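Undergrad: Next up is a structure, given as structure tokens.
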Amino acid sequence: MVFLYETYGEFDNGSLAMMNHASDAWEHSCFKDIIVKVSNVEIYYKALKFYMDERLLVSLTPRIYHTRVVQMFHKADNLPLIKSYLISVQGTNNEAVNEAYNDILIEDDKSLRDSFDSFDKFDNIGLAKRLENTSFLRFGALQLIYIKKTSSGLTRLKGPARSLD
């Protein structure tokens with residue numbers, strides 16, 4: 001359909017079709033070629049919103065490796081930009097996704113606690129150490145919970161652990 005829109009000079013409709021059906025019709029290079037030819041300026045703003053809302057990233061979810069996406073955005077120091085993507089794929093219980101989301105949530109202890117309780121694949125001790133380095137006292141209780149949860153898992157390996165209650 002996008003091909004036909006482009007062939008017949010219907011660039012507005014072609015770009016809208018790509019955005020509305022991104023999982024099937026998205027081709028980045030084609031979109032770049034089409035978007036500069038649209039006549040309706042409002043479509044530019046829709047395209048910007050499309051990128052901001054991460055519809056592209058979410059629509060590509062079945063085709064991409066979550067760990068690689070996290071690594072790319074972490075390297076660019078832009079993890080907060082993909083927060084909604086992280087939320088949408090956290091159900092996969094992927095370690096890289098969980099750690100990235102937990103890093104974003106360090107500012108919000110309730111959400112961090114919910115994430116920790118629901119998804120267990122992340123470096124518990126590393127998170128406890130990152131919380132230790134924050135200046136917020138409210139994370140002290142969370143640290144104990146994380147360490148306790150971690151130490152109960154380590155108990156099987158090392159024997160009885162010291163109680164943190």
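Naming scheme: A, B, ... for chains in displayed order of the structure tokens; residues 1 onward per chain; ligands 1 onward as shown.
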Got a sec: who's within 10 Å of Gln90 (chain A), counting only C-alpha atoms, leaving out chain neighbours fewer than 3 positions off, as JSON, numbers by chain?
TA: {"A": [66, 84, 85, 86, 87, 93, 94, 95, 96, 97, 98, 101, 115, 118, 119]}
Undergrad: Which is closer to Ile104 (chain A) than all the others in A:Leu4, A:Met19, A:Leu127, A:Ala25, using only C-alpha atoms?
TA: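 Result for the nearest residue to Ile104 (chain A): A:Leu127.
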Undergrad: Taking only C-alpha atoms into account, name the residue in A:Leu57, A:Pro62, A:Phe50, A:Asn40 that is nearest to Ile82 (chain A).
TA: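 Comparing A:Leu57, A:Pro62, A:Phe50, A:Asn40 against Ile82 (chain A), the winner is A:Leu57.
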Undergrad: What is the distance, in Å and to one decimal place, between CA of Ser88 (chain A) and CA of Ser15 (chain A)?
TA: 24.8 Å
Undergrad: Which residues, written as a ChimeraX atom specification, have at least one atom at most 9 Å from Ile35 (chain A), with only C-alpha atoms counted and residues fewer than 5 positions away on the same chain left out?
TA: /A:11-12,14-15,30,43-44,47
Undergrad: With C-alpha atoms retained, export the selected residues as a short mmCIF file (atom, residue, chain, number, x, y, z; two decimals), in the first residue's frame.
TA:
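Wrote it out as out14.cif, contents follow:
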data_model
loop_
_atom_site.label_atom_id
_atom_site.label_comp_id
_atom_site.auth_asym_id
_atom_site.auth_seq_id
_atom_site.Cartn_x
_atom_site.Cartn_y
_atom_site.Cartn_z
CA PHE A 11 3.18 11.08 0.29
CA ASP A 12 0.86 12.23 3.06
CA GLY A 14 2.07 6.92 2.52
CA SER A 15 3.69 8.37 5.64
CA CYS A 30 11.56 4.77 2.83
CA ILE A 43 2.17 15.09 9.52
CA TYR A 44 5.66 16.26 10.53
CA ALA A 47 6.01 11.79 12.80
#
Undergrad: Tell me which of A:Ile34, A:Ala100, A:Leu131, A:Leu112 sits closest to His74 (chain A), counting only C-alpha atoms.
TA: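 Closest candidate: A:Ala100.
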